[in-house]
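Everything on this sheet refers to the single structure shown next.
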Amino acid sequence: MNGKIPSELGTAKIGKLLRQYAIPAIIAMTASSLYNMVDSIFIGQGVGPYAISGLALTFPLMNLATAFGTLVGVGASTLLSVLLGQKNYEVARRVLGNVVILNCIIGVVFATFTLIFLDPILYFFGASDQTIGYARDYMVIILLGNVVTHIYFGLNSLLRSSGHPKQAMVATILTVLLNAVLDPIFIFGLGWGIQGAAIATVLAQCVSLAWIVRRFMDRNELIHFEKGKFGLDWQIAKRSMSIGLAPFLMNFVSCFIVIFLNQSLKKYGGDLAIGAYGIVNRIIFLFLMICMGLTQGMQPIAGYNFGAKQYDRVKEVLWKTLGFAFGVMCIGFVICELFPKTVVAIFTTDDELIQNAAIGLRTVMMTFPLVGIQVVIGNFFQSLGYVGRATFLSLSRQLLFLLPLLIFLPQFFEIRGVWLSLPVSDTISCIVAIILLCRFLKNFKTE
């Protein structure tokens, strides 16, 4: 069996480990972001500006699906890292079977309920008669493949935490490449429009899932599928979901916030304002995913060393991750502030949509470097299993800060106020995160 993972995480230099784990994760997360951008670009260029708005309307549902996926996948991957640090390999192997069973159950229930009430849900999200057709056509196919999506993301997280960051990266890149190849064939070649983009997405995930499953069937690996370990272990399920509660709540609340955001954009700017947010969201998501890749690289290192009570190594990986994340967000800030229209024009040729999206992009990116700090601190607490702190940071930005600002600022600045609410809430939440981290580190070894 592969015994390299535990000793390596506890003894190798932190800088080397962070590069080893973070670089594949960054590539994978960047590829994941490009995966979403490819759909938006082909839909915008091949179907039209209102199709971009229709796609943006599906973001809350996608966030909600992601919320349930992270409840299982992210929580289980963090638990797996801690168990490996404790050398509890028997329980660690049972985590794998739980992820598959839980994702199957949740995926089926979520897809069934959403398909039954899809049209009313989309109208509530801000759809109009001009955009609902696009949103419905895309979402029906995505929901039919929802179980595959959940299992794919869950197992990919476990593959990374079990000591195979490069293989997890390959799985994500494979999905992106397949989607990029299939999108133009289905959208342009076969004339399937926005439905073609959704079909390409699901098919690409099916192929990558098959590849990941094959990896976990290798009995020479420390963590692999075993007969008798696919039963639902409620103790493991409870532990993993309690850890995954923070990212679940973050995505759940994000769903609610995006609904409110879309309604405000429609009120003050119409359907194309929703499309503009769809473009802005994809652009900032690219840089955010690089930052998330860094935190995914940090997670197994911090989790393992925390389980092994090597606290100095936990602090070291935190500081290095914070520095890299801040630098990445600064690069995003400079590019988007200096060349907003050039960046936006990748998605559409519609002049009005370009103008709206460029204004939104420059406004949202005003305090973007601070976002990296907040993301790393939140994920640091999650990596150590401190659910309360991670949950608070996840919820405070959106519920305590962003939501009131979305209600208050548009009354004075209209559409500009909608955009301004995002950087203002980012600034406040970053300050809160830094305060919590300083208090935690002060008594780190005694907590």
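Residue numbering restarts at 1 in every chain; chains get A, B, ... in the order shown in the structure tokens, and ligands count up from 1 in that same order.
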
Inset, instruction - Within 10 Å of stretch 414-422 of chain A, counting only C-alpha atoms, which residues show up once you throw out same-chain ones fewer than 5 positions away? Write them as a ChimeraX atom specification, please. - result: /A:261-262,264-270,273,277,356,359-368,397-398,401-409,427

Prev. selection, C-alpha atoms, output as a PDB file, in the first residue's frame:
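As a result, result_24.pdb now contains:
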ATOM      1  CA  LEU A 261     -28.930  40.407  -6.872  1.00  0.00           C
ATOM      2  CA  ASN A 262     -30.626  39.296 -10.105  1.00  0.00           C
ATOM      3  CA  SER A 264     -32.189  44.132  -8.249  1.00  0.00           C
ATOM      4  CA  LEU A 265     -30.282  44.088 -11.550  1.00  0.00           C
ATOM      5  CA  LYS A 266     -33.485  43.428 -13.465  1.00  0.00           C
ATOM      6  CA  LYS A 267     -35.283  46.239 -11.626  1.00  0.00           C
ATOM      7  CA  TYR A 268     -32.598  48.862 -12.257  1.00  0.00           C
ATOM      8  CA  GLY A 269     -31.014  47.629 -15.500  1.00  0.00           C
ATOM      9  CA  GLY A 270     -33.257  45.057 -17.221  1.00  0.00           C
ATOM     10  CA  ALA A 273     -27.896  43.793 -16.598  1.00  0.00           C
ATOM     11  CA  TYR A 277     -23.426  40.097 -14.011  1.00  0.00           C
ATOM     12  CA  ASN A 356     -22.810  47.294 -18.802  1.00  0.00           C
ATOM     13  CA  ILE A 359     -18.777  49.121 -15.622  1.00  0.00           C
ATOM     14  CA  GLY A 360     -19.761  46.281 -13.336  1.00  0.00           C
ATOM     15  CA  LEU A 361     -16.375  44.603 -13.617  1.00  0.00           C
ATOM     16  CA  ARG A 362     -14.360  47.699 -12.684  1.00  0.00           C
ATOM     17  CA  THR A 363     -16.635  48.370  -9.715  1.00  0.00           C
ATOM     18  CA  VAL A 364     -16.596  44.825  -8.352  1.00  0.00           C
ATOM     19  CA  MET A 365     -12.797  44.551  -8.674  1.00  0.00           C
ATOM     20  CA  MET A 366     -12.091  47.715  -6.628  1.00  0.00           C
ATOM     21  CA  THR A 367     -11.152  45.780  -3.470  1.00  0.00           C
ATOM     22  CA  PHE A 368     -10.462  42.404  -5.046  1.00  0.00           C
ATOM     23  CA  ARG A 397     -20.001  38.487   4.216  1.00  0.00           C
ATOM     24  CA  GLN A 398     -23.281  37.673   2.517  1.00  0.00           C
ATOM     25  CA  PHE A 401     -22.866  42.789   5.097  1.00  0.00           C
ATOM     26  CA  LEU A 402     -23.832  42.167   1.459  1.00  0.00           C
ATOM     27  CA  LEU A 403     -27.596  41.744   1.848  1.00  0.00           C
ATOM     28  CA  PRO A 404     -28.182  45.015   3.757  1.00  0.00           C
ATOM     29  CA  LEU A 405     -25.949  46.853   1.272  1.00  0.00           C
ATOM     30  CA  LEU A 406     -27.933  45.403  -1.650  1.00  0.00           C
ATOM     31  CA  ILE A 407     -31.081  46.791  -0.050  1.00  0.00           C
ATOM     32  CA  PHE A 408     -29.639  50.186   0.918  1.00  0.00           C
ATOM     33  CA  LEU A 409     -27.200  51.341  -1.809  1.00  0.00           C
ATOM     34  CA  THR A 427     -13.771  45.018   2.635  1.00  0.00           C
TER      35      THR A 427
END

Inset, instruction - Could you give me, as a ChimeraX atom specification, the residues within 9 Å of A:Val376, counting only C-alpha atoms and dropping anything in the same chain fewer than 5 positions from it? - result: /A:291-292,294-295,298,318,321-322,325,371,381

Could you write out that same residue set with N, CA and C atoms as an mmCIF file, in the first residue's frame?
data_model
loop_
_atom_site.group_PDB
_atom_site.id
_atom_site.type_symbol
_atom_site.label_atom_id
_atom_site.label_comp_id
_atom_site.auth_asym_id
_atom_site.auth_seq_id
_atom_site.Cartn_x
_atom_site.Cartn_y
_atom_site.Cartn_z
ATOM 1 N N CYS A 291 -7.316 31.126 -6.345
ATOM 2 C CA CYS A 291 -7.185 31.270 -4.892
ATOM 3 C C CYS A 291 -7.709 30.028 -4.178
ATOM 4 N N MET A 292 -8.811 29.493 -4.663
ATOM 5 C CA MET A 292 -9.369 28.284 -4.069
ATOM 6 C C MET A 292 -8.445 27.088 -4.286
ATOM 7 N N LEU A 294 -5.223 27.287 -4.289
ATOM 8 C CA LEU A 294 -4.220 27.447 -3.229
ATOM 9 C C LEU A 294 -4.726 26.883 -1.901
ATOM 10 N N THR A 295 -5.978 27.184 -1.568
ATOM 11 C CA THR A 295 -6.522 26.692 -0.299
ATOM 12 C C THR A 295 -6.722 25.177 -0.329
ATOM 13 N N MET A 298 -3.469 23.861 0.482
ATOM 14 C CA MET A 298 -3.220 24.069 1.902
ATOM 15 C C MET A 298 -3.964 23.050 2.765
ATOM 16 N N LEU A 318 -0.188 28.364 6.459
ATOM 17 C CA LEU A 318 -1.171 29.456 6.423
ATOM 18 C C LEU A 318 -0.559 30.730 5.853
ATOM 19 N N THR A 321 0.270 30.519 2.123
ATOM 20 C CA THR A 321 -0.944 30.532 1.296
ATOM 21 C C THR A 321 -1.536 31.934 1.222
ATOM 22 N N LEU A 322 -1.538 32.642 2.339
ATOM 23 C CA LEU A 322 -2.049 34.018 2.349
ATOM 24 C C LEU A 322 -1.263 34.914 1.395
ATOM 25 N N ALA A 325 -2.095 34.036 -2.297
ATOM 26 C CA ALA A 325 -3.469 34.413 -2.646
ATOM 27 C C ALA A 325 -3.589 35.918 -2.859
ATOM 28 N N VAL A 371 -10.242 40.008 -1.117
ATOM 29 C CA VAL A 371 -11.043 38.781 -1.191
ATOM 30 C C VAL A 371 -10.170 37.553 -0.939
ATOM 31 N N PHE A 381 -9.738 27.756 8.693
ATOM 32 C CA PHE A 381 -10.540 27.265 9.804
ATOM 33 C C PHE A 381 -11.249 25.966 9.435
#

Inset, instruction - Measuring atom to atom with only C-alpha atoms, identify which of A:Gln20, A:Phe186, A:Asn281, A:Gln296 is nearest to A:Val258. - result: A:Asn281

Inset, instruction - List every residue of stretch 60-280 of chain A that DSSP, applied to the backbone, labels as helix (DSSP H, G or I), and write the result as a VMD selection string. - result: chain A and resid 60 to 85 89 to 116 118 to 124 132 to 144 146 to 161 165 to 189 193 to 216 234 to 243 245 to 269 271 to 280

Could I get the residues of stretch 196-296 of chain A with an atom no further than 12 Å from an atom of stretch 140-144 of chain A, each paired with its nearest atom pair and that distance in Å to one decimal, using only C-alpha atoms, sorted by chain and residue number, as CSV?
residue,atom,partner,partner_atom,distance
A:Gly196,CA,A:Ile141,CA,9.3
A:Ala197,CA,A:Ile141,CA,9.5
A:Ala198,CA,A:Ile142,CA,5.9
A:Ile199,CA,A:Ile141,CA,6.5
A:Ala200,CA,A:Ile142,CA,9.8
A:Thr201,CA,A:Ile142,CA,7.7
A:Val202,CA,A:Ile142,CA,6.6
A:Leu203,CA,A:Ile142,CA,10.2
A:Ala204,CA,A:Ile142,CA,11.9
A:Gln205,CA,A:Ile142,CA,10.8

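Nearest-residue note for A:Tyr138: choosing from A:Asn220, A:Thr78, A:Ser53, A:Asn251, the minimum distance belongs to A:Ser53, counting only C-alpha atoms.
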
Pull the closest atom pair for each residue of stretch 274-390 of chain A that gets at most 12 Å from stretch 152-164 of chain A, along with the distance in Å to one decimal, counting only C-alpha atoms, ordering rows by chain and then ascending residue number, as a tab-separated table.
residue	atom	partner	partner_atom	distance
A:Gly293	CA	A:Arg160	CA	11.1
A:Gln296	CA	A:Arg160	CA	8.4
A:Gly297	CA	A:Arg160	CA	8.6
A:Met298	CA	A:Ser161	CA	10.4
A:Gln299	CA	A:Ser161	CA	8.1
A:Pro300	CA	A:Ser161	CA	5.7
A:Ile301	CA	A:Ser161	CA	9.2
A:Ala302	CA	A:Ser161	CA	11.3
A:Gly303	CA	A:Ser161	CA	9.7
A:Tyr304	CA	A:Ser161	CA	9.8
A:Ser383	CA	A:Ser161	CA	11.2

Legend entry - Proximity to A:Ile132 - best of A:Ser240, A:Gln45, A:Gln355, A:Thr58, only C-alpha atoms: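 For A:Ile132, the nearest of the given residues is A:Thr58.
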
Legend entry - Selected residue of minimal separation from A:Thr172 among A:Ala28, A:Cys255, A:Met37, A:Ile431, counting only C-alpha atoms: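 Using only C-alpha atoms, the shortest distance to A:Thr172 belongs to A:Ala28.
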
So that I can see what lies close to A:Leu370, please list as a short mmCIF file (atom, residue, chain, number, x, y, z; two decimals) with C-alpha atoms, in the first residue's frame the residues with an atom at most 9 Å from it, counting only C-alpha atoms and leaving out residues fewer than 6 positions away in the same chain.
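Below is the file out.cif, written as the result:
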data_model
loop_
_atom_site.label_atom_id
_atom_site.label_comp_id
_atom_site.auth_asym_id
_atom_site.auth_seq_id
_atom_site.Cartn_x
_atom_site.Cartn_y
_atom_site.Cartn_z
CA PHE A 326 -2.99 38.15 -2.14
CA MET A 329 -5.87 38.77 -6.55
CA CYS A 330 -3.65 41.82 -7.17
CA ASP A 426 -15.68 42.34 0.72
CA THR A 427 -13.77 45.02 2.63
CA SER A 429 -15.65 40.81 5.75
CA CYS A 430 -11.87 40.84 5.25
CA ILE A 431 -11.41 43.00 8.35
#
